Structure formats: structure tokens, C-alpha cells
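So this block is data.txt, compact mmCIF, C-alpha atoms:
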```txt
# COMPACT_ATOMS: atom_id res chain seq x y z
CA MET I 1 78.72 -68.72 -32.58
CA PRO I 2 75.46 -66.70 -32.29
CA LYS I 3 72.16 -68.36 -33.15
CA ARG I 4 72.71 -68.40 -36.90
CA VAL I 5 75.39 -66.95 -39.13
CA GLU I 6 74.41 -65.92 -42.65
CA LEU I 7 77.03 -65.27 -45.33
CA ASN I 8 76.26 -64.02 -48.83
CA ILE I 9 79.13 -63.92 -51.28
CA LYS I 10 79.39 -63.12 -54.98
CA VAL I 11 82.44 -63.98 -57.04
CA PRO I 12 83.11 -63.79 -60.79
CA SER I 13 82.98 -67.13 -62.62
CA GLN I 14 86.71 -67.80 -62.29
CA THR I 15 88.32 -70.81 -60.67
CA ARG I 16 90.89 -68.60 -58.92
CA TYR I 17 88.22 -68.00 -56.26
CA LEU I 18 87.84 -71.68 -55.34
CA ALA I 19 90.51 -71.57 -52.64
CA LEU I 20 89.02 -68.47 -51.01
CA ILE I 21 85.51 -69.91 -50.80
CA GLY I 22 86.77 -73.33 -49.69
CA GLN I 23 88.75 -71.67 -46.92
CA ILE I 24 85.59 -69.97 -45.63
CA GLY I 25 84.02 -73.42 -45.26
CA GLU I 26 87.04 -74.65 -43.30
CA SER I 27 86.96 -71.67 -40.97
CA LEU I 28 83.24 -72.14 -40.34
CA ALA I 29 83.81 -75.73 -39.24
CA PHE I 30 86.11 -74.48 -36.48
CA SER I 31 83.60 -71.79 -35.43
CA LEU I 32 80.71 -74.11 -34.58
CA ASN I 33 80.08 -74.12 -30.83
CA ASN I 34 78.69 -77.53 -30.07
CA TYR I 35 79.93 -79.75 -32.89
CA GLN I 36 80.87 -83.10 -31.36
CA GLY I 37 82.43 -84.77 -34.40
CA ASN I 38 85.87 -84.54 -35.98
CA ARG I 39 86.26 -80.85 -36.82
CA ARG I 40 89.28 -81.37 -39.05
CA GLU I 41 87.29 -83.83 -41.14
CA LEU I 42 84.24 -81.53 -41.26
CA ALA I 43 86.50 -78.63 -42.33
CA TYR I 44 87.87 -80.70 -45.21
CA HIS I 45 84.40 -81.83 -46.26
CA LEU I 46 82.98 -78.29 -46.27
CA ASN I 47 85.98 -77.03 -48.22
CA LEU I 48 85.48 -79.88 -50.67
CA CYS I 49 81.71 -79.50 -51.14
CA LEU I 50 82.03 -75.73 -51.60
CA THR I 51 84.86 -76.28 -54.10
CA GLU I 52 82.94 -78.94 -56.03
CA GLY I 53 79.68 -76.95 -56.06
CA LEU I 54 81.42 -73.75 -57.10
CA THR I 55 83.45 -75.52 -59.82
CA ASN I 56 80.20 -76.93 -61.21
CA ALA I 57 78.56 -73.49 -61.20
CA ILE I 58 81.59 -71.74 -62.75
CA CYS I 59 82.59 -74.29 -65.38
CA HIS I 60 79.28 -75.90 -66.35
CA GLY I 61 76.60 -73.45 -65.16
CA ASN I 62 78.20 -70.16 -66.18
CA ASN I 63 80.57 -71.59 -68.80
CA SER I 64 83.53 -69.81 -67.13
CA ASP I 65 82.16 -66.43 -68.25
CA PRO I 66 83.83 -63.94 -65.86
CA ASP I 67 81.06 -61.43 -66.57
CA LYS I 68 78.65 -63.80 -64.82
CA ASP I 69 78.78 -63.95 -61.04
CA VAL I 70 78.27 -66.98 -58.87
CA HIS I 71 76.29 -66.30 -55.73
CA ILE I 72 77.00 -68.43 -52.68
CA SER I 73 74.97 -68.28 -49.50
CA ILE I 74 75.96 -70.10 -46.34
CA SER I 75 73.70 -70.34 -43.32
CA ALA I 76 75.20 -71.98 -40.26
CA SER I 77 73.95 -72.75 -36.79
CA ASP I 78 74.94 -75.26 -34.15
CA ASP I 79 72.30 -77.60 -35.61
CA ASP I 80 72.96 -77.49 -39.32
CA LEU I 81 74.69 -75.79 -42.19
CA VAL I 82 73.04 -74.97 -45.50
CA ILE I 83 75.06 -73.99 -48.56
CA ARG I 84 73.30 -72.63 -51.65
CA ILE I 85 75.20 -72.02 -54.88
CA TYR I 86 73.41 -70.22 -57.73
CA ASP I 87 74.32 -70.46 -61.40
CA GLN I 88 72.79 -69.14 -64.64
CA GLY I 89 73.31 -72.19 -66.86
CA PRO I 90 70.98 -74.79 -68.39
CA GLY I 91 70.96 -76.96 -65.26
CA PHE I 92 71.25 -80.72 -64.97
CA ASP I 93 69.22 -83.65 -63.66
CA ILE I 94 70.58 -84.45 -60.23
CA SER I 95 68.25 -87.44 -59.81
CA ALA I 96 69.98 -89.11 -62.77
CA ARG I 97 73.35 -88.45 -61.13
CA ARG I 98 72.20 -90.18 -57.94
CA LYS I 99 71.72 -93.38 -59.94
CA THR I 100 75.06 -93.33 -61.77
CA LYS I 101 78.45 -93.96 -60.27
CA ALA I 102 81.61 -92.78 -61.97
CA HIS I 103 83.71 -95.64 -63.25
CA PRO I 104 87.00 -95.65 -61.31
CA CYS I 105 88.92 -94.79 -64.48
CA ASP I 106 86.67 -91.94 -65.65
CA GLU I 107 88.53 -88.63 -65.58
CA GLY I 108 85.48 -86.53 -64.72
CA GLY I 109 82.03 -86.82 -63.21
CA ARG I 110 83.02 -87.29 -59.57
CA GLY I 111 82.20 -83.84 -58.19
CA ILE I 112 78.45 -84.18 -57.67
CA ASN I 113 78.83 -87.76 -56.45
CA ILE I 114 81.30 -86.57 -53.80
CA ILE I 115 78.79 -83.95 -52.63
CA LEU I 116 76.02 -86.58 -52.52
CA LYS I 117 78.23 -88.79 -50.34
CA LEU I 118 79.31 -86.12 -47.88
CA MET I 119 76.22 -83.96 -47.40
CA ASP I 120 73.00 -85.11 -45.72
CA ASN I 121 70.56 -83.53 -48.15
CA VAL I 122 71.28 -82.28 -51.67
CA LYS I 123 68.81 -80.60 -54.02
CA TYR I 124 69.17 -78.87 -57.36
CA LEU I 125 66.32 -76.46 -57.92
CA GLN I 126 65.18 -73.67 -60.20
CA GLU I 127 64.50 -70.41 -58.42
CA ASN I 128 63.72 -67.05 -60.05
CA GLY I 129 65.38 -68.02 -63.32
CA ALA I 130 68.55 -69.33 -61.69
CA ASN I 131 69.62 -72.84 -60.73
CA VAL I 132 70.39 -73.49 -57.08
CA LEU I 133 72.48 -76.31 -55.71
CA GLU I 134 71.40 -76.66 -52.08
CA MET I 135 73.52 -78.79 -49.75
CA THR I 136 72.61 -79.37 -46.11
CA LYS I 137 74.74 -80.86 -43.36
CA THR I 138 72.99 -81.66 -40.09
CA PHE I 139 75.00 -81.91 -36.89
CA HIS I 140 72.75 -83.96 -34.60
CA MET L 1 100.72 -75.04 -60.51
CA GLN L 2 104.23 -75.28 -59.11
CA LEU L 3 105.78 -78.59 -60.13
CA LYS L 4 109.33 -79.83 -59.64
CA ILE L 5 110.52 -82.43 -62.14
CA ASN L 6 113.45 -84.73 -61.38
CA GLU L 7 114.65 -87.70 -63.35
CA GLN L 8 116.17 -90.68 -61.62
CA GLU L 9 117.24 -93.44 -63.99
CA ASP L 10 114.05 -94.41 -65.88
CA ASN L 11 111.74 -92.64 -63.45
CA VAL L 12 110.43 -89.12 -63.61
CA ILE L 13 109.51 -87.74 -60.20
CA ILE L 14 106.92 -84.96 -60.26
CA THR L 15 106.77 -83.13 -56.95
CA VAL L 16 103.60 -81.08 -56.59
CA GLU L 17 104.57 -77.94 -54.70
CA GLU L 18 101.05 -76.76 -53.95
CA GLU L 19 98.77 -77.14 -50.94
CA ARG L 20 95.69 -77.39 -53.17
CA MET L 21 94.95 -79.39 -56.29
CA ASP L 22 91.64 -78.20 -57.74
CA ALA L 23 89.99 -77.09 -60.99
CA HIS L 24 92.11 -73.93 -60.97
CA ASN L 25 95.49 -75.61 -61.27
CA SER L 26 95.12 -79.34 -62.04
CA GLY L 27 95.09 -78.76 -65.81
CA ASN L 28 98.78 -77.76 -65.54
CA LEU L 29 99.73 -81.13 -64.11
CA LYS L 30 97.76 -82.91 -66.82
CA GLU L 31 99.52 -80.90 -69.55
CA ARG L 32 102.97 -81.44 -68.00
CA MET L 33 102.38 -85.20 -67.89
CA LEU L 34 101.31 -85.20 -71.56
CA GLN L 35 104.55 -83.37 -72.45
CA LEU L 36 106.55 -86.05 -70.61
CA PHE L 37 104.69 -88.80 -72.48
CA ASP L 38 105.47 -87.02 -75.77
CA GLU L 39 109.15 -87.08 -74.74
CA GLY L 40 108.91 -90.85 -74.27
CA LYS L 41 108.93 -90.77 -70.47
CA TYR L 42 106.33 -93.20 -69.23
CA GLN L 43 107.46 -94.09 -65.68
CA LEU L 44 106.06 -91.39 -63.42
CA VAL L 45 106.04 -91.02 -59.66
CA ILE L 46 103.93 -88.19 -58.24
CA ASP L 47 105.08 -86.92 -54.84
CA LEU L 48 102.10 -85.38 -53.04
CA THR L 49 103.86 -84.47 -49.77
CA ALA L 50 102.85 -80.79 -49.95
CA VAL L 51 99.24 -81.38 -51.01
CA ARG L 52 96.77 -80.81 -48.20
CA PHE L 53 93.62 -80.63 -50.34
CA ILE L 54 92.55 -82.42 -53.52
CA ASP L 55 89.16 -82.28 -55.25
CA SER L 56 87.60 -84.23 -58.12
CA SER L 57 89.51 -82.16 -60.71
CA GLY L 58 92.82 -83.02 -59.05
CA LEU L 59 91.86 -86.68 -58.96
CA GLY L 60 90.78 -86.46 -62.61
CA ALA L 61 94.21 -85.11 -63.63
CA LEU L 62 95.91 -88.04 -61.88
CA VAL L 63 93.52 -90.52 -63.52
CA SER L 64 94.34 -88.96 -66.90
CA GLY L 65 98.07 -89.46 -66.26
CA PHE L 66 97.50 -93.00 -65.05
CA LYS L 67 95.49 -93.92 -68.15
CA ASN L 68 98.00 -92.35 -70.52
CA ALA L 69 100.95 -94.03 -68.80
CA SER L 70 99.19 -97.42 -68.79
CA ALA L 71 98.31 -97.09 -72.49
CA ARG L 72 102.06 -96.73 -73.19
CA ASP L 73 103.03 -99.68 -70.99
CA GLY L 74 104.32 -97.23 -68.41
CA SER L 75 103.18 -96.50 -64.88
CA LEU L 76 102.05 -93.68 -62.65
CA LYS L 77 102.59 -94.19 -58.93
CA LEU L 78 101.73 -91.94 -56.03
CA CYS L 79 103.59 -91.35 -52.79
CA CYS L 80 103.52 -89.38 -49.55
CA LEU L 81 99.77 -88.71 -49.27
CA GLN L 82 98.55 -86.70 -46.30
CA PRO L 83 95.70 -88.45 -44.45
CA GLN L 84 92.92 -86.20 -45.81
CA VAL L 85 94.20 -86.66 -49.34
CA ARG L 86 94.41 -90.41 -48.83
CA SER L 87 90.79 -90.34 -47.61
CA MET L 88 89.72 -88.83 -50.94
CA PHE L 89 91.14 -91.82 -52.80
CA GLU L 90 89.17 -94.11 -50.50
CA LEU L 91 85.96 -92.08 -50.85
CA THR L 92 86.15 -92.35 -54.64
CA ARG L 93 87.57 -95.91 -54.57
CA LEU L 94 90.60 -94.72 -56.53
CA HIS L 95 92.90 -96.37 -53.96
CA ARG L 96 92.04 -99.57 -55.85
CA VAL L 97 93.27 -98.07 -59.11
CA PHE L 98 96.53 -96.39 -58.09
CA GLU L 99 99.62 -97.86 -56.51
CA ILE L 100 100.12 -95.67 -53.44
CA PHE L 101 103.36 -95.67 -51.40
CA SER L 102 104.22 -94.13 -48.05
CA THR L 103 107.61 -92.84 -49.17
CA LEU L 104 109.23 -91.77 -52.42
CA GLN L 105 111.93 -94.40 -51.99
CA GLU L 106 109.34 -97.18 -51.74
CA ALA L 107 107.71 -95.96 -54.95
CA LEU L 108 111.07 -95.85 -56.74
CA ASP L 109 112.10 -99.29 -55.45
CA SER L 110 108.82 -100.76 -56.72
CA GLN L 111 109.63 -99.70 -60.29
CA SER L 112 112.51 -102.11 -60.69
```
Take the structure in this file and express it as C-alpha cells.
Amino acid sequence: MPKRVELNIKVPSQTRYLALIGQIGESLAFSLNNYQGNRRELAYHLNLCLTEGLTNAICHGNNSDPDKDVHISISASDDDLVIRIYDQGPGFDISARRKTKAHPCDEGGRGINIILKLMDNVKYLQENGANVLEMTKTFH
Amino acid sequence: MQLKINEQEDNVIITVEEERMDAHNSGNLKERMLQLFDEGKYQLVIDLTAVRFIDSSGLGALVSGFKNASARDGSLKLCCLQPQVRSMFELTRLHRVFEIFSTLQEALDSQS
């Protein structure tokens, strides 16, 4: 892989695109030059975090409105990988979510907690009128 | 979502014929299970052999089925999980909630 790969993708707010975007994360995991860990596991985790982040943006952020796009940017190097997912919804308080754990029998509410467990740094910010879920995975 | 439904004595076996269970297709499984409950079928076994990827929406659909089966004195058991799928149950601690079997036969034998 060259020094840093930058991907910018826009998809309509429809869940049919989840598999496509998740697959990009899997492929990236196998493209990293110097990753020493379990690539199969990393591939699954990137697929999962992209899927969870995109589901949140589509279903909660953009209210599944296909006229609204979700913008995903992925920046990968041999040192780290940063995923940013932008939505146009009301946003949510991620610090509150850090403190709450889903009860094992709750049907929903696991997505953000899964991201918090698997990524090294997770932020949810406001930027130019949009919300941005930023997830960073460091490799060293 | 492609689902195959087979009945074997009191058990209904739902075979998920998809590689992915996510927010795009998991609602179908949830609805199909509710139909079965409406028909009075409360003993479900979900065969996940084909499933390579499951996210929180897929897990949520299974939890919904489990809760609905339990509320009717029935059961929902899982079998044939691929390792990455199994790891998702451990990550979310749902392996403590579900009965998970290595083979379909083991799941069926446990019903009696």
C-alpha cells in the first residue's frame, strides 16, 4: 500500500448499500502492508464498524430518506485507519452511550457499543452543519 | 432474506440462507418468526451455517425471537455458528443468553 490511501464514497440512505461498504473495509484489511495482527479478524471488525456506523447514519441520522446521501471517508496507512461517516440528523450524545451498556435482552442499542469496543478512538462531532462519527484504529 | 423453513416433530428449523445478517435483511427473519408464533409454533431452531457476518441488527432479530419464544413457554436455539459469528455473541455477551449448539442434531436432541 502507498503511504496513505484516501477513499471518499457517497451512497443514498438505503440499507442495501451496507454490504458494499462493509466489503470495502474487509478488502482494506487485506491490503495493509505491515499489519502484524490477525487480518481475518481485522477484516471482520472493519466490516462490522462500517456497517454499524452506516446503519446509524442511514436509519437514525438521515431517517432512511433516500434523497439524503451518507458520505463515508476512509483514510488508511500502515499505521492507522480513520473512518468518518457523515449524517444530517439531530445527532446523539456519544458520551452518554459510553456509560450505558445494553442489557443482554435488549433488542437494540448494541451498534455504537460494538464500535466503542472494537475501535481505539471514537468521536461524534459536528462539522459544517453535519454530524461526523469518527472511528480510528491504530496498528502499532 | 432467504430462509428455509422445515418442521420436524414439534420443532421448526429456520435455515438462514444468507452470508450476511444486517439491518437490510434481519427484519425479514423477525417477521417470519412472529408469523410462526402466531401459528402456535414456539420451538425454533435457527441454523446459521451459511452466515459469515452478523451485526447488531441481526443479533437484535434473534433476541426478539428468543424473547417472544420464551414469553410463550417455547424456545429459540441456535446452531452451526461460524467462528466470527460466534465471536459476536461473545463480544455482546449474548452467548450467555442463547443456547448454542455445534450441530443441528444436537440442538434438536436438546429439545426433548
Exercise for review: May I ask you to extract the residues of chain L within 7 Å of chain I, using only C-alpha atoms, and to give them as a PyMOL selection string?
Suggested key: chain L and resi 23-24+55-56+60-61+63-64+93-94
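Counting only C-alpha atoms, Met1 in chain L has the following residues at most 12 Å away, ignoring those fewer than 2 positions along the same chain: Arg16 of chain I; Leu3, Lys4, Ile14, Thr15, Val16, Glu17, Glu18, Glu19, Arg20, Met21, Asp22, Ala23, His24, Asn25, Ser26, Gly27, Asn28, Leu29, Lys30, Glu31, Arg32, Val51 and Gly58 of chain L.
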**Study point:** Residue contacts of Thr49 in chain L (6 Å, only C-alpha atoms) excluding same-chain residues fewer than 2 positions away, as a VMD selection string
**Key:** chain L and resid 47 51 80 to 81
Exercise for review: Go ahead and compute the interatomic distance for CA of Arg84 in chain I and CA of Val132 in chain I, in Å to one decimal.
Suggested key: 6.2 Å
Practice item. Report the distance between CA of Val82 in chain I and CA of Thr100 in chain I in Å, rounded to one decimal place. Key: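 For CA of Val82 in chain I relative to CA of Thr100 in chain I, the distance reads 24.6 Å.
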Study note, to complete from the structure: What separates CA of Gln2 in chain L and CA of Ser13 in chain I is a distance of 23.0 Å
Exercise for review: Might you pull out every residue within 12 Å of Gly37 in chain I, with all atoms listed in the file counted and same-chain residues fewer than 6 positions away left off, and present them as a PyMOL selection string?
Suggested key: chain I and resi 29-30+43+138-140
**Study point:** Near-Asp69 in chain I list (9 Å; all atoms listed in the file; drop same-chain fewer than 6 positions) as a PyMOL selection string
**Key:** chain I and resi 10-14+58+62+86-88
I want to know what sits within 12 Å of Asn6 in chain L, based on all atoms listed in the file, with residues of the same chain fewer than 4 positions away left out; could you give that as an mmCIF file with C-alpha atoms, in the coordinates of the input?
```cif
data_model
loop_
_atom_site.group_PDB
_atom_site.id
_atom_site.type_symbol
_atom_site.label_atom_id
_atom_site.label_comp_id
_atom_site.auth_asym_id
_atom_site.auth_seq_id
_atom_site.Cartn_x
_atom_site.Cartn_y
_atom_site.Cartn_z
ATOM 1 C CA ASP L 10 114.050 -94.410 -65.880
ATOM 2 C CA ASN L 11 111.740 -92.640 -63.450
ATOM 3 C CA VAL L 12 110.430 -89.120 -63.610
ATOM 4 C CA ILE L 13 109.510 -87.740 -60.200
ATOM 5 C CA ILE L 14 106.920 -84.960 -60.260
ATOM 6 C CA THR L 15 106.770 -83.130 -56.950
ATOM 7 C CA VAL L 16 103.600 -81.080 -56.590
ATOM 8 C CA LEU L 36 106.550 -86.050 -70.610
ATOM 9 C CA LYS L 41 108.930 -90.770 -70.470
ATOM 10 C CA GLN L 43 107.460 -94.090 -65.680
ATOM 11 C CA LEU L 44 106.060 -91.390 -63.420
ATOM 12 C CA VAL L 45 106.040 -91.020 -59.660
ATOM 13 C CA ILE L 46 103.930 -88.190 -58.240
ATOM 14 C CA ASP L 47 105.080 -86.920 -54.840
#
```
Find the axis-aligned box for range 16-21 of chain I, covering all its listed atoms and adding 3 Å on each side, and write its centre and edge lengths in Å to one decimal as lines of an AutoDock Vina configuration file.
```
center_x = 88.2
center_y = -69.8
center_z = -54.9
size_x = 11.4
size_y = 9.7
size_z = 14.1
```
Point to revise | Within-7 Å shell of (74.2, -73.8, -50.2) in input frame, only C-alpha atoms, as a list in words | key: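 In the file's frame, the residues around the point are Ile72, Ser73, Ile74, Val82, Ile83, Arg84, Ile85, Leu133, Glu134 and Met135 of chain I.
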